[in-house]
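Next up, my_file.txt (compact mmCIF, C-alpha atoms):
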# COMPACT_ATOMS: atom_id res chain seq x y z
CA ASP A 45 8.03 -12.73 -8.75
CA GLN A 46 4.84 -12.03 -6.83
CA GLN A 47 5.59 -12.79 -3.18
CA VAL A 48 2.07 -11.93 -2.04
CA LYS A 49 -0.83 -13.15 -4.14
CA GLN A 50 -4.52 -12.49 -4.13
CA ASN A 51 -5.91 -14.86 -6.71
CA SER A 52 -9.47 -13.53 -6.75
CA PRO A 53 -9.67 -10.19 -8.58
CA SER A 54 -13.26 -9.73 -7.49
CA LEU A 55 -15.84 -11.02 -5.03
CA SER A 56 -19.55 -10.34 -4.77
CA VAL A 57 -21.42 -10.95 -1.49
CA GLN A 58 -24.95 -10.37 -0.27
CA GLU A 59 -25.41 -7.76 2.44
CA GLY A 60 -25.43 -9.36 5.89
CA ARG A 61 -23.49 -12.43 4.78
CA ILE A 62 -19.85 -13.23 5.43
CA SER A 63 -17.14 -11.97 3.06
CA ILE A 64 -13.95 -14.02 2.92
CA LEU A 65 -10.93 -12.57 1.13
CA ASN A 66 -7.90 -14.77 0.64
CA CYS A 67 -4.19 -14.12 0.34
CA ASP A 68 -1.19 -16.41 -0.19
CA TYR A 69 2.48 -15.63 0.29
CA THR A 70 5.71 -17.34 -0.60
CA ASN A 71 8.28 -15.78 1.72
CA SER A 72 8.37 -17.44 5.14
CA MET A 73 10.45 -14.55 6.51
CA PHE A 74 7.54 -12.13 6.63
CA ASP A 75 6.86 -11.01 10.20
CA TYR A 76 3.53 -9.21 9.90
CA PHE A 77 0.60 -9.23 7.57
CA LEU A 78 -1.77 -6.34 7.02
CA TRP A 79 -4.99 -5.65 5.19
CA TYR A 80 -5.65 -2.31 3.56
CA LYS A 81 -8.92 -1.06 2.17
CA LYS A 82 -9.14 1.30 -0.78
CA TYR A 83 -12.05 3.35 -2.05
CA PRO A 84 -11.96 4.93 -5.55
CA ALA A 85 -9.98 8.19 -5.76
CA GLU A 86 -8.54 7.67 -2.27
CA GLY A 87 -5.36 6.18 -0.88
CA PRO A 88 -5.36 2.80 0.90
CA THR A 89 -6.27 2.89 4.58
CA PHE A 90 -5.09 0.41 7.17
CA LEU A 91 -7.72 -2.08 8.31
CA ILE A 92 -6.22 -4.83 10.45
CA SER A 93 -2.93 -6.66 10.95
CA ILE A 94 -1.63 -9.91 12.39
CA SER A 95 1.74 -10.96 13.70
CA SER A 96 3.30 -14.14 12.36
CA ILE A 97 3.29 -15.57 15.89
CA LYS A 98 -0.51 -15.44 16.05
CA ASP A 99 -3.16 -17.29 14.10
CA LYS A 100 -6.09 -14.94 14.59
CA ASN A 101 -6.77 -11.27 15.20
CA GLU A 102 -10.20 -9.76 15.59
CA ASP A 103 -11.41 -6.17 15.41
CA GLY A 104 -15.15 -5.71 15.41
CA ARG A 105 -16.60 -7.15 12.23
CA PHE A 106 -13.15 -7.92 10.83
CA THR A 107 -11.10 -11.02 11.62
CA VAL A 108 -7.85 -12.07 10.03
CA PHE A 109 -6.70 -15.69 10.15
CA LEU A 110 -3.15 -16.81 9.49
CA ASN A 111 -2.12 -20.34 8.54
CA LYS A 112 1.68 -20.30 8.53
CA SER A 113 2.12 -23.88 7.39
CA ALA A 114 0.01 -23.17 4.31
CA LYS A 115 1.40 -19.62 3.91
CA HIS A 116 -2.16 -18.41 3.69
CA LEU A 117 -4.18 -15.70 5.36
CA SER A 118 -7.78 -14.65 5.06
CA LEU A 119 -9.90 -11.68 6.03
CA HIS A 120 -13.43 -12.36 7.25
CA ILE A 121 -16.02 -9.58 7.35
CA VAL A 122 -19.18 -10.40 9.27
CA PRO A 123 -21.78 -9.14 8.64
CA SER A 124 -20.95 -7.52 5.32
CA GLN A 125 -22.30 -4.01 4.79
CA PRO A 126 -22.64 -1.90 1.62
CA GLY A 127 -19.91 0.44 2.89
CA ASP A 128 -17.49 -2.49 2.79
CA SER A 129 -17.53 -2.36 -1.01
CA ALA A 130 -13.94 -1.46 -1.89
CA VAL A 131 -10.67 -2.95 -3.10
CA TYR A 132 -8.84 -4.89 -0.38
CA PHE A 133 -5.10 -5.31 -0.47
CA CYS A 134 -3.20 -7.91 1.49
CA ALA A 135 0.32 -6.80 2.42
CA ALA A 136 3.29 -8.36 4.16
CA LEU A 137 5.99 -6.57 6.08
CA GLY A 138 9.27 -7.47 4.41
CA TYR A 139 11.98 -9.08 6.47
CA GLN A 140 14.37 -6.44 5.16
CA GLY A 141 12.88 -4.15 7.74
CA ALA A 142 12.56 -0.48 6.90
CA GLN A 143 8.83 -1.08 7.05
CA LYS A 144 8.70 -2.19 3.44
CA LEU A 145 5.24 -3.39 2.54
CA VAL A 146 4.87 -6.05 -0.15
CA PHE A 147 1.37 -5.91 -1.59
CA GLY A 148 -0.89 -8.40 -3.30
CA GLN A 149 -2.80 -7.52 -6.45
CA GLY A 150 -5.99 -6.59 -4.62
CA THR A 151 -9.54 -8.01 -4.55
CA ARG A 152 -12.54 -5.87 -5.43
CA LEU A 153 -15.34 -6.63 -2.97
CA THR A 154 -18.90 -5.71 -3.90
CA ILE A 155 -21.65 -5.97 -1.31
CA ASN A 156 -25.08 -6.32 -2.89
CA PRO A 157 -28.18 -5.06 -1.05
CA GLU B 1195 -6.02 17.24 10.38
CA ALA B 1196 -3.32 14.59 10.08
CA GLN B 1197 -2.78 13.86 6.43
CA VAL B 1198 -0.52 13.08 3.52
CA THR B 1199 -1.00 15.37 0.55
CA GLN B 1200 0.11 14.85 -3.03
CA ASN B 1201 0.18 17.27 -5.94
CA PRO B 1202 -0.89 17.19 -8.63
CA ARG B 1203 -3.71 14.67 -8.37
CA TYR B 1204 -3.89 14.23 -12.13
CA LEU B 1205 -1.20 14.87 -14.73
CA ILE B 1206 -0.97 14.23 -18.45
CA THR B 1207 2.44 14.84 -19.95
CA VAL B 1208 4.61 13.87 -22.91
CA THR B 1209 7.61 11.61 -23.14
CA GLY B 1210 10.83 13.21 -21.94
CA LYS B 1211 9.37 16.22 -20.16
CA LYS B 1212 10.71 16.31 -16.61
CA LEU B 1213 8.13 16.37 -13.86
CA THR B 1214 7.91 16.32 -10.08
CA VAL B 1215 5.13 14.94 -7.93
CA THR B 1216 5.17 16.46 -4.47
CA CYS B 1217 4.33 14.68 -1.23
CA SER B 1218 3.98 16.30 2.14
CA GLN B 1219 2.93 14.97 5.57
CA ASN B 1220 2.10 16.88 8.74
CA MET B 1221 2.51 14.05 11.26
CA ASN B 1222 6.26 14.39 11.90
CA HIS B 1223 6.81 10.92 10.48
CA GLU B 1224 10.35 9.70 9.89
CA TYR B 1225 9.49 7.14 7.23
CA MET B 1226 8.15 8.04 3.80
CA SER B 1227 7.70 5.94 0.70
CA TRP B 1228 6.47 6.04 -2.89
CA TYR B 1229 4.43 3.27 -4.50
CA ARG B 1230 2.95 2.77 -7.93
CA GLN B 1231 -0.24 0.84 -8.51
CA ASP B 1232 -0.77 -1.02 -11.77
CA PRO B 1233 -3.60 -3.39 -12.77
CA GLY B 1234 -2.89 -6.96 -11.75
CA LEU B 1235 0.26 -5.99 -9.87
CA GLY B 1236 -0.98 -4.26 -6.74
CA LEU B 1237 1.22 -1.59 -5.19
CA ARG B 1238 4.97 -1.77 -5.71
CA GLN B 1239 7.48 0.29 -3.80
CA ILE B 1240 9.59 2.73 -5.83
CA TYR B 1241 11.74 4.47 -3.20
CA TYR B 1242 11.67 4.97 0.51
CA SER B 1243 13.26 7.24 3.08
CA MET B 1244 13.89 6.44 6.72
CA ASN B 1245 14.70 10.02 7.64
CA VAL B 1246 16.07 13.30 6.29
CA GLU B 1247 18.84 12.74 3.75
CA VAL B 1248 18.38 8.94 3.98
CA THR B 1249 16.81 7.35 0.91
CA ASP B 1250 16.97 3.92 -0.70
CA LYS B 1251 15.59 2.01 -3.66
CA GLY B 1252 12.48 -0.07 -3.49
CA ASP B 1253 11.45 -2.75 -5.98
CA VAL B 1254 10.95 -0.60 -9.09
CA PRO B 1255 13.27 2.44 -8.86
CA GLU B 1256 14.31 2.67 -12.53
CA GLY B 1257 13.44 6.00 -14.08
CA TYR B 1258 12.70 7.72 -10.77
CA LYS B 1259 14.57 9.94 -8.34
CA VAL B 1260 13.67 11.18 -4.88
CA SER B 1261 15.04 13.59 -2.32
CA ARG B 1262 14.44 14.12 1.40
CA LYS B 1263 15.76 17.52 2.37
CA GLU B 1264 13.05 18.17 4.93
CA LYS B 1265 11.24 15.74 7.18
CA ARG B 1266 7.79 16.61 5.89
CA ASN B 1267 8.47 16.50 2.12
CA PHE B 1268 9.40 13.62 -0.18
CA PRO B 1269 9.11 14.59 -3.86
CA LEU B 1270 9.18 12.03 -6.66
CA ILE B 1271 11.07 13.15 -9.74
CA LEU B 1272 10.78 11.71 -13.23
CA GLU B 1273 13.70 13.17 -15.19
CA SER B 1274 12.59 11.76 -18.56
CA PRO B 1275 9.15 10.17 -18.30
CA SER B 1276 8.23 7.32 -20.60
CA PRO B 1277 4.84 5.74 -21.38
CA ASN B 1278 5.60 2.74 -19.14
CA GLN B 1279 5.54 5.13 -16.18
CA THR B 1280 1.86 5.78 -16.76
CA SER B 1281 0.41 4.66 -13.45
CA LEU B 1282 -1.31 5.61 -10.20
CA TYR B 1283 1.22 6.82 -7.63
CA PHE B 1284 0.85 6.85 -3.86
CA CYS B 1285 2.98 8.47 -1.22
CA ALA B 1286 2.90 7.02 2.29
CA SER B 1287 4.36 7.96 5.66
CA SER B 1288 4.68 6.51 9.15
CA PHE B 1289 6.74 6.65 12.29
CA TYR B 1290 9.75 4.39 12.08
CA LEU B 1291 9.79 1.44 14.44
CA ALA B 1292 12.36 -1.26 13.83
CA GLY B 1293 10.56 -4.58 13.61
CA GLY B 1294 7.20 -2.96 12.85
CA PRO B 1295 4.43 -2.95 12.07
CA VAL B 1296 3.50 0.66 12.09
CA GLU B 1297 0.46 1.93 10.28
CA GLN B 1298 1.42 3.67 7.06
CA PHE B 1299 -0.77 6.61 6.04
CA PHE B 1300 -1.32 6.99 2.32
CA GLY B 1301 -1.91 10.08 0.25
CA PRO B 1302 -4.88 10.29 -2.15
CA GLY B 1303 -2.85 9.29 -5.20
CA THR B 1304 -1.58 10.94 -8.38
CA ARG B 1305 -2.76 9.58 -11.69
CA LEU B 1306 0.00 10.12 -14.26
CA THR B 1307 -0.37 9.59 -17.98
CA VAL B 1308 2.72 9.82 -20.20
CA LEU B 1309 1.95 10.12 -23.91

Could you render the structure as structure tokens?
Amino acid sequence: DQQVKQNSPSLSVQEGRISILNCDYTNSMFDYFLWYKKYPAEGPTFLISISSIKDKNEDGRFTVFLNKSAKHLSLHIVPSQPGDSAVYFCAALGYQGAQKLVFGQGTRLTINP
Amino acid sequence: EAQVTQNPRYLITVTGKKLTVTCSQNMNHEYMSWYRQDPGLGLRQIYYSMNVEVTDKGDVPEGYKVSRKEKRNFPLILESPSPNQTSLYFCASSFYLAGGPVEQFFGPGTRLTVL
């Protein structure tokens, strides 16, 4: 039972354009949502988060949007740069507390020059 | 340098041969966790620990054991590995804050192959 879903395994975007990564969830009890970025042979690193009481959070080139009624969030990267090429994981903080992260399957983003 | 370290980074073993993957953090974090990453499934939590001597099961604990005798170390033990435990394993740590979120720091990963 996948509570957090990223339905696009891969995405290819031209350098300088906007990258939009999508994530859907099923559990309305999640309090926070996070995006992690992962390069090959490295562990995931935290990118940006959003509280369930907000609908937008911005940090430089990265913006996360949350639509609670649709149980959908998205990560926008503008402008996209070659160094953004990585696997992006959407994660939700489980209502069970204990800081349990529930991850999506990941989306591989490739930025083309 | 603040970091989470894992050893070994790569391991090939045979079915039934006990192994331990070590995890250590130098940030004085209370919370530590183990995840496995499999294609199409993302990262799934195996076990977690909220502090010394406090551990609990995650989503996929079968076939694994953990211990937390010291704050900085959280080893993952496979008593009798099987091929379905072939995976990429990540250790993570963070401060504990009820209600979160707190950034979790991940180790570099351990790629395990069980033949």

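One finds CA of Asn1245 (chain B) at 8.7 Å from CA of Tyr1290 (chain B).
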
message = Within 12 Å of (4.0, -0.6, -8.4) (file coordinates; only C-alpha atoms), which protein or nucleic acid residues are there? I'd like them as a VMD selection string.
response = (chain A and resid 46 145 to 149) or (chain B and resid 1227 to 1241 1252 to 1256 1278 to 1285)

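Separating CA of Ser63 (chain A) from CA of Gly127 (chain A) is a distance of 12.7 Å.
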
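Among the candidates A:Leu119, A:Gly150, A:Leu55, A:Leu137, the residue lying nearest to Phe74 (chain A) is A:Leu137 (atoms considered: only C-alpha atoms).
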
Report as a compact mmCIF listing (two decimals) with C-alpha atoms, keeping the file's coordinate frame the set of chain A residues whose atoms approach chain B to within 10 Å, with distances computed over only C-alpha atoms.
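Okay, this is what ended up in out_2.txt:
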# COMPACT_ATOMS: atom_id res chain seq x y z
CA GLN A 46 4.84 -12.03 -6.83
CA VAL A 48 2.07 -11.93 -2.04
CA LYS A 49 -0.83 -13.15 -4.14
CA GLN A 50 -4.52 -12.49 -4.13
CA ASN A 51 -5.91 -14.86 -6.71
CA PRO A 53 -9.67 -10.19 -8.58
CA ASP A 75 6.86 -11.01 10.20
CA TYR A 76 3.53 -9.21 9.90
CA PHE A 77 0.60 -9.23 7.57
CA LEU A 78 -1.77 -6.34 7.02
CA TYR A 80 -5.65 -2.31 3.56
CA TYR A 83 -12.05 3.35 -2.05
CA PRO A 84 -11.96 4.93 -5.55
CA ALA A 85 -9.98 8.19 -5.76
CA GLU A 86 -8.54 7.67 -2.27
CA GLY A 87 -5.36 6.18 -0.88
CA PRO A 88 -5.36 2.80 0.90
CA THR A 89 -6.27 2.89 4.58
CA PHE A 90 -5.09 0.41 7.17
CA LEU A 91 -7.72 -2.08 8.31
CA ILE A 92 -6.22 -4.83 10.45
CA SER A 93 -2.93 -6.66 10.95
CA ILE A 94 -1.63 -9.91 12.39
CA SER A 95 1.74 -10.96 13.70
CA PHE A 133 -5.10 -5.31 -0.47
CA CYS A 134 -3.20 -7.91 1.49
CA ALA A 135 0.32 -6.80 2.42
CA ALA A 136 3.29 -8.36 4.16
CA LEU A 137 5.99 -6.57 6.08
CA GLY A 138 9.27 -7.47 4.41
CA TYR A 139 11.98 -9.08 6.47
CA GLN A 140 14.37 -6.44 5.16
CA GLY A 141 12.88 -4.15 7.74
CA ALA A 142 12.56 -0.48 6.90
CA GLN A 143 8.83 -1.08 7.05
CA LYS A 144 8.70 -2.19 3.44
CA LEU A 145 5.24 -3.39 2.54
CA VAL A 146 4.87 -6.05 -0.15
CA PHE A 147 1.37 -5.91 -1.59
CA GLY A 148 -0.89 -8.40 -3.30
CA GLN A 149 -2.80 -7.52 -6.45
CA GLY A 150 -5.99 -6.59 -4.62
CA THR A 151 -9.54 -8.01 -4.55

Draw an axis-aligned box tight on the listed atoms of region 54-64 of chain A, then pad every side by 6 Å and write out centre and edge lengths in Å to one decimal as AutoDock Vina command-line options.
--center_x -19.3 --center_y -10.9 --center_z -0.8 --size_x 24.2 --size_y 18.3 --size_z 25.4

(Q) as a PyMOL selection string, please: the residues near Pro1277 (chain B) (cut-off 10 Å, all atoms listed in the file, same-chain neighbours under 3 positions excluded). (A) chain B and resi 1207-1210+1280-1281+1306-1309

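The spacing separating CA of Phe1268 (chain B) from CA of Cys1217 (chain B) amounts to 5.3 Å.
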